[in-house]
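start00.cif, holding mmCIF, C-alpha atoms and all ligand atoms:
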```
data_entry
loop_
_atom_site.label_atom_id
_atom_site.label_comp_id
_atom_site.auth_asym_id
_atom_site.auth_seq_id
_atom_site.Cartn_x
_atom_site.Cartn_y
_atom_site.Cartn_z
CA MET D 1 0.00 0.00 0.00
CA LYS D 2 2.84 2.40 0.87
CA LYS D 3 4.32 2.36 -2.63
CA GLU D 4 0.97 3.08 -4.27
CA LEU D 5 0.20 5.84 -1.75
CA ILE D 6 3.51 7.52 -2.50
CA SER D 7 2.97 7.45 -6.24
CA ILE D 8 -0.52 9.02 -5.87
CA ILE D 9 0.79 11.66 -3.43
CA LYS D 10 3.66 12.52 -5.78
CA GLU D 11 1.13 13.18 -8.55
CA ALA D 12 -0.85 15.42 -6.19
CA GLY D 13 2.42 17.20 -5.35
CA LYS D 14 2.55 18.44 -8.95
CA ILE D 15 -0.73 20.32 -8.34
CA LEU D 16 0.70 21.85 -5.15
CA LYS D 17 3.90 22.90 -6.90
CA GLU D 18 2.03 24.46 -9.81
CA GLY D 19 -0.22 26.38 -7.38
CA TYR D 20 2.71 27.56 -5.27
CA PHE D 21 4.08 29.57 -8.20
CA ALA D 22 0.66 30.66 -9.58
CA GLN D 23 -1.73 33.51 -8.79
CA LYS D 24 -4.16 32.18 -6.20
CA GLU D 25 -7.71 32.87 -5.21
CA VAL D 26 -7.86 32.98 -1.41
CA THR D 27 -10.98 32.71 0.75
CA PHE D 28 -11.25 32.81 4.52
CA LYS D 29 -12.79 29.98 6.58
CA ALA D 30 -12.23 32.06 9.73
CA LYS D 31 -10.49 35.33 10.59
CA LYS D 32 -7.01 33.78 10.08
CA ASP D 33 -7.83 30.45 8.41
CA LEU D 34 -7.23 30.47 4.64
CA VAL D 35 -8.27 28.12 1.88
CA THR D 36 -7.45 28.21 -1.84
CA THR D 37 -8.77 26.46 -4.94
CA TYR D 38 -5.60 24.35 -4.78
CA ASP D 39 -6.50 22.91 -1.34
CA ILE D 40 -9.77 21.75 -2.87
CA ALA D 41 -8.19 20.48 -6.11
CA ILE D 42 -5.55 18.41 -4.28
CA GLU D 43 -8.12 17.03 -1.84
CA ASN D 44 -10.48 15.99 -4.66
CA PHE D 45 -7.62 14.37 -6.59
CA LEU D 46 -6.49 12.38 -3.53
CA LYS D 47 -10.00 11.36 -2.48
CA GLU D 48 -10.80 10.00 -5.92
CA ALA D 49 -7.50 8.14 -6.29
CA PHE D 50 -7.64 6.70 -2.75
CA SER D 51 -11.22 5.49 -3.01
CA LYS D 52 -10.34 3.73 -6.28
CA ALA D 53 -7.12 2.18 -4.98
CA PHE D 54 -8.02 1.51 -1.33
CA GLY D 55 -11.74 0.71 -1.20
CA ASP D 56 -11.51 -0.75 2.33
CA PHE D 57 -10.73 2.67 3.80
CA ASN D 58 -12.88 5.75 4.23
CA VAL D 59 -11.27 9.14 3.63
CA ILE D 60 -11.40 11.89 6.25
CA ALA D 61 -10.23 15.14 4.69
CA GLU D 62 -9.88 18.71 5.92
CA GLU D 63 -11.99 20.52 3.33
CA SER D 64 -14.79 17.89 3.21
CA ASP D 65 -17.89 17.27 5.28
CA ASN D 66 -16.77 14.36 7.47
CA SER D 67 -19.86 14.28 9.69
CA ASP D 68 -21.08 10.88 8.41
CA LEU D 69 -17.69 9.22 8.61
CA VAL D 70 -16.56 6.90 11.38
CA PHE D 71 -12.85 6.82 12.23
CA ASN D 72 -11.76 3.20 11.91
CA ASN D 73 -10.07 2.05 8.69
CA SER D 74 -9.36 5.59 7.62
CA ILE D 75 -7.06 7.68 5.46
CA ILE D 76 -6.77 11.14 7.01
CA ILE D 77 -5.77 13.88 4.56
CA ASP D 78 -4.52 17.42 4.84
CA PRO D 79 -4.30 18.46 1.16
CA ILE D 80 -2.08 21.46 1.99
CA ASP D 81 -0.62 21.76 5.45
CA GLY D 82 0.93 25.19 5.74
CA THR D 83 -1.61 27.01 3.56
CA THR D 84 -0.45 30.43 4.78
CA ASN D 85 3.09 29.50 3.66
CA PHE D 86 1.71 28.17 0.36
CA VAL D 87 -0.11 31.45 -0.32
CA ASN D 88 2.92 33.58 0.60
CA GLN D 89 5.53 31.36 -1.10
CA VAL D 90 7.30 30.25 2.07
CA PRO D 91 8.60 26.80 1.07
CA HIS D 92 7.39 24.92 4.19
CA THR D 93 4.18 23.46 2.87
CA CYS D 94 3.18 19.87 2.24
CA ILE D 95 0.60 17.19 1.64
CA SER D 96 -0.06 15.03 4.70
CA VAL D 97 -1.65 11.58 4.57
CA GLY D 98 -2.02 9.26 7.57
CA VAL D 99 -3.45 5.77 7.21
CA TYR D 100 -5.13 4.03 10.17
CA LYS D 101 -6.31 0.42 10.45
CA ASN D 102 -8.84 -0.23 13.24
CA LYS D 103 -7.97 3.26 14.52
CA LYS D 104 -4.33 2.21 14.86
CA PRO D 105 -1.43 3.95 13.08
CA TYR D 106 -0.36 2.15 9.90
CA ILE D 107 1.34 4.41 7.31
CA GLY D 108 2.28 8.11 7.33
CA ILE D 109 3.40 10.16 4.31
CA VAL D 110 4.32 13.86 4.37
CA TYR D 111 5.42 15.35 1.04
CA ASN D 112 6.88 18.81 0.49
CA PRO D 113 7.18 19.09 -3.30
CA ILE D 114 8.78 22.55 -3.12
CA LEU D 115 11.86 21.29 -1.26
CA ASP D 116 11.41 17.83 -2.75
CA GLU D 117 11.27 16.06 0.63
CA LEU D 118 9.12 13.00 1.11
CA TYR D 119 8.84 11.61 4.64
CA SER D 120 7.39 8.15 4.97
CA ALA D 121 6.86 5.54 7.65
CA GLU D 122 5.07 2.26 8.10
CA VAL D 123 4.56 0.88 11.58
CA SER D 124 7.53 -1.26 12.74
CA LYS D 125 9.47 -0.53 9.53
CA GLY D 126 11.23 2.73 10.42
CA ALA D 127 10.99 6.29 9.13
CA PHE D 128 12.57 7.71 5.99
CA CYS D 129 13.17 10.96 4.15
CA ASN D 130 13.55 10.43 0.40
CA GLY D 131 14.33 6.77 1.14
CA ASN D 132 17.06 7.49 3.71
CA LYS D 133 16.45 6.32 7.27
CA ILE D 134 15.90 9.12 9.78
CA SER D 135 15.94 9.19 13.57
CA VAL D 136 15.44 11.68 16.39
CA SER D 137 18.27 13.72 17.92
CA LYS D 138 20.25 12.50 20.93
CA ASP D 139 20.27 15.79 22.82
CA GLU D 140 19.09 15.25 26.41
CA ASN D 141 19.28 18.84 27.51
CA LEU D 142 16.37 21.26 27.15
CA MET D 143 18.73 24.25 27.34
CA THR D 144 20.51 23.21 24.12
CA SER D 145 17.32 22.06 22.39
CA LEU D 146 15.90 23.76 19.31
CA LEU D 147 12.13 23.67 19.64
CA SER D 148 9.25 24.47 17.38
CA THR D 149 5.69 25.55 17.96
CA GLY D 150 2.68 26.94 16.14
CA PHE D 151 0.15 29.64 16.91
CA PRO D 152 -3.54 28.69 16.77
CA TYR D 153 -5.90 30.48 14.36
CA THR D 154 -8.04 31.10 17.46
CA SER D 155 -5.44 33.61 18.70
CA ALA D 156 -7.50 36.19 16.79
CA THR D 157 -10.75 35.43 18.60
CA ASN D 158 -10.06 33.53 21.82
CA GLU D 159 -8.19 35.44 24.51
CA ASP D 160 -7.63 32.36 26.68
CA ASP D 161 -5.82 30.62 23.83
CA LEU D 162 -3.71 33.71 23.12
CA ASN D 163 -2.79 34.07 26.80
CA ASP D 164 -1.86 30.40 26.98
CA VAL D 165 0.47 30.77 23.97
CA MET D 166 2.20 33.74 25.62
CA LYS D 167 2.44 32.04 29.02
CA LYS D 168 4.03 28.90 27.58
CA MET D 169 6.43 30.97 25.47
CA LYS D 170 7.52 32.87 28.59
CA ASN D 171 8.17 29.62 30.45
CA ILE D 172 10.01 27.87 27.66
CA LEU D 173 11.99 30.47 25.69
CA PRO D 174 14.52 31.27 28.45
CA ASN D 175 15.06 27.53 29.02
CA CYS D 176 15.85 26.28 25.50
CA GLN D 177 18.20 27.11 22.61
CA ASP D 178 15.48 28.83 20.59
CA ILE D 179 11.97 28.38 19.21
CA ARG D 180 10.91 28.23 15.54
CA ARG D 181 7.46 28.75 13.99
CA LEU D 182 7.64 27.44 10.44
CA GLY D 183 3.92 27.06 9.81
CA SER D 184 3.26 23.39 9.06
CA ALA D 185 2.44 21.02 11.90
CA ALA D 186 3.00 17.95 9.71
CA LEU D 187 6.51 19.14 8.78
CA ASP D 188 7.25 20.20 12.37
CA LEU D 189 6.67 16.59 13.46
CA CYS D 190 8.92 15.34 10.64
CA TYR D 191 11.64 17.82 11.66
CA VAL D 192 11.58 16.34 15.17
CA ALA D 193 11.70 12.89 13.54
CA ARG D 194 14.81 13.73 11.53
CA GLY D 195 16.61 15.34 14.48
CA THR D 196 16.43 18.98 13.32
CA TYR D 197 14.31 19.95 16.31
CA GLU D 198 14.45 18.26 19.70
CA GLY D 199 10.81 19.05 20.39
CA TYR D 200 7.57 20.64 19.25
CA TYR D 201 4.31 21.61 20.91
CA GLU D 202 1.10 23.22 19.71
CA MET D 203 -2.57 23.61 20.67
CA ASN D 204 -5.83 23.18 18.74
CA LEU D 205 -4.50 20.95 15.97
CA LYS D 206 -6.85 18.77 13.98
CA ALA D 207 -6.41 15.08 13.15
CA TRP D 208 -5.29 15.89 9.56
CA ASP D 209 -2.49 18.17 10.82
CA VAL D 210 -0.80 15.36 12.76
CA SER D 211 -2.15 12.01 11.48
CA ALA D 212 0.90 11.32 9.29
CA GLY D 213 3.65 13.17 11.19
CA MET D 214 2.86 11.23 14.35
CA ILE D 215 3.58 7.94 12.59
CA VAL D 216 6.81 9.29 11.07
CA LEU D 217 7.91 10.55 14.49
CA SER D 218 7.20 7.39 16.42
CA GLU D 219 8.98 5.28 13.78
CA ALA D 220 11.99 7.61 14.10
CA GLY D 221 12.15 6.90 17.85
CA GLY D 222 10.30 9.98 19.13
CA ARG D 223 7.56 10.39 21.69
CA PHE D 224 4.33 12.36 21.65
CA THR D 225 1.78 12.98 24.38
CA ASN D 226 -0.74 15.58 25.44
CA GLU D 227 0.39 18.33 27.83
CA LYS D 228 -0.27 16.07 30.82
CA GLY D 229 2.12 13.42 29.51
CA GLU D 230 -0.71 11.03 28.60
CA PRO D 231 -0.69 9.27 25.21
CA TYR D 232 -1.87 11.80 22.58
CA LYS D 233 -5.24 10.85 21.16
CA LEU D 234 -6.43 11.99 17.71
CA PHE D 235 -9.75 13.89 17.72
CA ARG D 236 -9.51 14.45 21.51
CA ASP D 237 -6.48 16.31 22.84
CA LYS D 238 -6.05 20.09 22.80
CA TYR D 239 -2.25 19.97 23.04
CA ILE D 240 0.36 17.86 21.33
CA VAL D 241 3.86 17.66 22.77
CA ALA D 242 6.30 15.80 20.52
CA THR D 243 9.99 15.25 21.22
CA ASN D 244 13.04 13.04 20.79
CA GLY D 245 11.89 11.33 24.02
CA LEU D 246 14.97 12.48 25.94
CA ILE D 247 13.78 16.03 26.67
CA HIS D 248 10.10 15.12 26.94
CA ASP D 249 9.71 15.36 30.70
CA SER D 250 11.78 18.57 30.95
CA LEU D 251 9.60 20.17 28.24
CA LEU D 252 6.36 18.99 29.89
CA ASN D 253 7.59 20.50 33.18
CA LYS D 254 7.88 23.94 31.58
CA LEU D 255 4.58 23.88 29.67
C1 LIG B 301 -2.01 24.74 9.99
C2 LIG B 301 -0.53 24.52 10.05
C3 LIG B 301 0.09 25.44 11.07
C4 LIG B 301 -0.54 25.28 12.43
C5 LIG B 301 -2.04 25.46 12.33
C6 LIG B 301 -2.60 24.44 11.33
P1 LIG B 301 -3.25 24.51 7.62
O1 LIG B 301 -2.63 23.91 9.02
O2 LIG B 301 -0.23 23.19 10.39
O3 LIG B 301 1.46 25.21 11.24
O4 LIG B 301 0.00 26.24 13.30
O5 LIG B 301 -2.60 25.27 13.58
O6 LIG B 301 -3.99 24.54 11.30
O7 LIG B 301 -4.40 25.38 7.98
O8 LIG B 301 -2.17 25.24 6.95
O9 LIG B 301 -3.67 23.24 6.95
CA CA B 302 -3.16 21.64 8.50
CA CA B 303 -4.77 22.39 5.25
#
```
The structure given in the file should be rewritten as structure tokens.
Ligand code: IPD
Ligand code: CA
Ligand code: CA
Amino acid sequence: MKKELISIIKEAGKILKEGYFAQKEVTFKAKKDLVTTYDIAIENFLKEAFSKAFGDFNVIAEESDNSDLVFNNSIIIDPIDGTTNFVNQVPHTCISVGVYKNKKPYIGIVYNPILDELYSAEVSKGAFCNGNKISVSKDENLMTSLLSTGFPYTSATNEDDLNDVMKKMKNILPNCQDIRRLGSAALDLCYVARGTYEGYYEMNLKAWDVSAGMIVLSEAGGRFTNEKGEPYKLFRDKYIVATNGLIHDSLLNKL
């Protein structure tokens, strides 16, 4: 299944790449939440190809009405993760596809066609970037750790969320090497997986933001939980905390 998934996602990557360099029509789903015709085009392309190739799975996708769908044997799609980057030509943008069997992680693919980086993982078979094995960093020290985070779209409308972002930043920034905000949750998880970042945390993510990156990260030896240190659960948890494992408890302590 992994090989076929990759070849379909690579085709969809051509649509993303074409759109990245084209004039785009942008509409707003919420005050800060963008969508373009390319998000829809990629999603439709993937949904059609996946339902033809993998009839045993339903497809849960960001821009679709998923209300009738039950999460079980499911392919969870974010057609463009990092849409704000996509619109503004910041090259951290990708297609994210996570496959679940009986609600359990199976295959994760994250493809950035602009930088030509394809992250892939199948449970128990390791994690790869462009076919080369990747693994998390060995840094045990929060003070020398490069971290990443993201800011929720709700920062424009929900003061509690905004205050929480600022509070956590104040606790963490003096106690780590630095913090990045690159604008794609799926890629952030892959950057922890490949050892670029030691850790990452963010609130208010949706299943399609993390469904694939989580699988890549755990196959690369990383750990992810909610902010209480409990196993992170798709569709439930407000916070994700993802690390190389070694700095996990120190990061949780500061959050
Ligand atoms: C967003 C990106 C971003 C994160 C947002 C997500 P989108 O996804 O992953 O990094 O901070 O919370 O919603 O809207 O570009 O698919
Ligand atoms: Ca997303
Ligand atoms: Ca998206």
Nearest-residue call for Lys103 of chain D, choices D:Leu234, D:Val90, D:Cys129, D:Leu173, using only C-alpha atoms: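 Closest to Lys103 of chain D of all the choices is D:Leu234.
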Given 9 Å and all atoms listed in the file, residues near ligand CA 303 (chain B) as a PDB file with C-alpha atoms, in the coordinates of the input:
```pdb
ATOM      1  CA  LEU D  34      -7.230  30.470   4.640  1.00  0.00           C
ATOM      2  CA  VAL D  35      -8.270  28.120   1.880  1.00  0.00           C
ATOM      3  CA  ASP D  39      -6.500  22.910  -1.340  1.00  0.00           C
ATOM      4  CA  GLU D  62      -9.880  18.710   5.920  1.00  0.00           C
ATOM      5  CA  GLU D  63     -11.990  20.520   3.330  1.00  0.00           C
ATOM      6  CA  ILE D  77      -5.770  13.880   4.560  1.00  0.00           C
ATOM      7  CA  ASP D  78      -4.520  17.420   4.840  1.00  0.00           C
ATOM      8  CA  PRO D  79      -4.300  18.460   1.160  1.00  0.00           C
ATOM      9  CA  ILE D  80      -2.080  21.460   1.990  1.00  0.00           C
ATOM     10  CA  ASP D  81      -0.620  21.760   5.450  1.00  0.00           C
ATOM     11  CA  GLY D  82       0.930  25.190   5.740  1.00  0.00           C
ATOM     12  CA  THR D  83      -1.610  27.010   3.560  1.00  0.00           C
ATOM     13  CA  CYS D  94       3.180  19.870   2.240  1.00  0.00           C
ATOM     14  CA  ILE D  95       0.600  17.190   1.640  1.00  0.00           C
ATOM     15  CA  SER D  96      -0.060  15.030   4.700  1.00  0.00           C
ATOM     16  CA  SER D 184       3.260  23.390   9.060  1.00  0.00           C
ATOM     17  CA  TRP D 208      -5.290  15.890   9.560  1.00  0.00           C
ATOM     18  CA  ASP D 209      -2.490  18.170  10.820  1.00  0.00           C
TER      19      ASP D 209
END
```
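Distances to ligand CA 302 (chain B) were evaluated for D:Asp65, D:Glu219, D:Asp188, D:Asp139 using all atoms listed in the file, and the minimum falls at D:Asp188.
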For Val26 of chain D, list every protein, DNA or RNA residue within 12 Å, evaluated using all atoms listed in the file, and leave out those in the same chain fewer than 6 positions away; present the list as a compact mmCIF listing (two decimals) with C-alpha atoms, in the coordinates of the input.
```
# COMPACT_ATOMS: atom_id res chain seq x y z
CA GLY D 19 -0.22 26.38 -7.38
CA LYS D 32 -7.01 33.78 10.08
CA ASP D 33 -7.83 30.45 8.41
CA LEU D 34 -7.23 30.47 4.64
CA VAL D 35 -8.27 28.12 1.88
CA THR D 36 -7.45 28.21 -1.84
CA THR D 37 -8.77 26.46 -4.94
CA TYR D 38 -5.60 24.35 -4.78
CA ASP D 39 -6.50 22.91 -1.34
CA ILE D 40 -9.77 21.75 -2.87
CA THR D 83 -1.61 27.01 3.56
CA THR D 84 -0.45 30.43 4.78
CA PHE D 86 1.71 28.17 0.36
CA VAL D 87 -0.11 31.45 -0.32
CA ASN D 88 2.92 33.58 0.60
```
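Nearest to ligand LIG 301 (chain B) of all the residues D:Ala242, D:Leu187, D:Leu142, D:Met166 is D:Leu187, based on only C-alpha atoms and all ligand atoms.
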For atom CA of Asn85 of chain D and atom CA of Asp161 of chain D, the interatomic separation in Å (one decimal):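 Atom CA of Asp161 of chain D lies at a distance of 22.1 Å from atom CA of Asn85 of chain D.
For the point (-3.6, 0.3, -1.2) in file coordinates, the residues within 7 Å, using all atoms listed in the file, are Met1, Glu4, Leu5, Ala53 and Phe54 of chain D.
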All residues 8 Å or closer to Ala127 of chain D, all atoms listed in the file, same chain fewer than 5 positions away omitted, as a list of chain:residue names: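 Residues meeting the cut-off are D:Tyr119, D:Ser120, D:Ala121, D:Glu122, D:Lys133, D:Ile134, D:Ser135, D:Ala193, D:Val216, D:Leu217, D:Glu219, D:Ala220.
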Proximity to Glu117 of chain D - best of D:Val59, D:Ala207, D:Leu147, D:Cys190, only C-alpha atoms: D:Cys190
Sel. within 9 Å of pt (1.7, 5.0, 4.9), counting all atoms listed in the file, output as a list in words: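 Residues with an atom at most 9 Å from (1.7, 5.0, 4.9): Met1, Lys2, Lys3, Leu5, Ile6, Val97, Gly98, Val99, Tyr100, Pro105, Tyr106, Ile107, Gly108, Ile109, Ser120, Ala121, Glu122, Val123, Ala212 and Ile215 of chain D.
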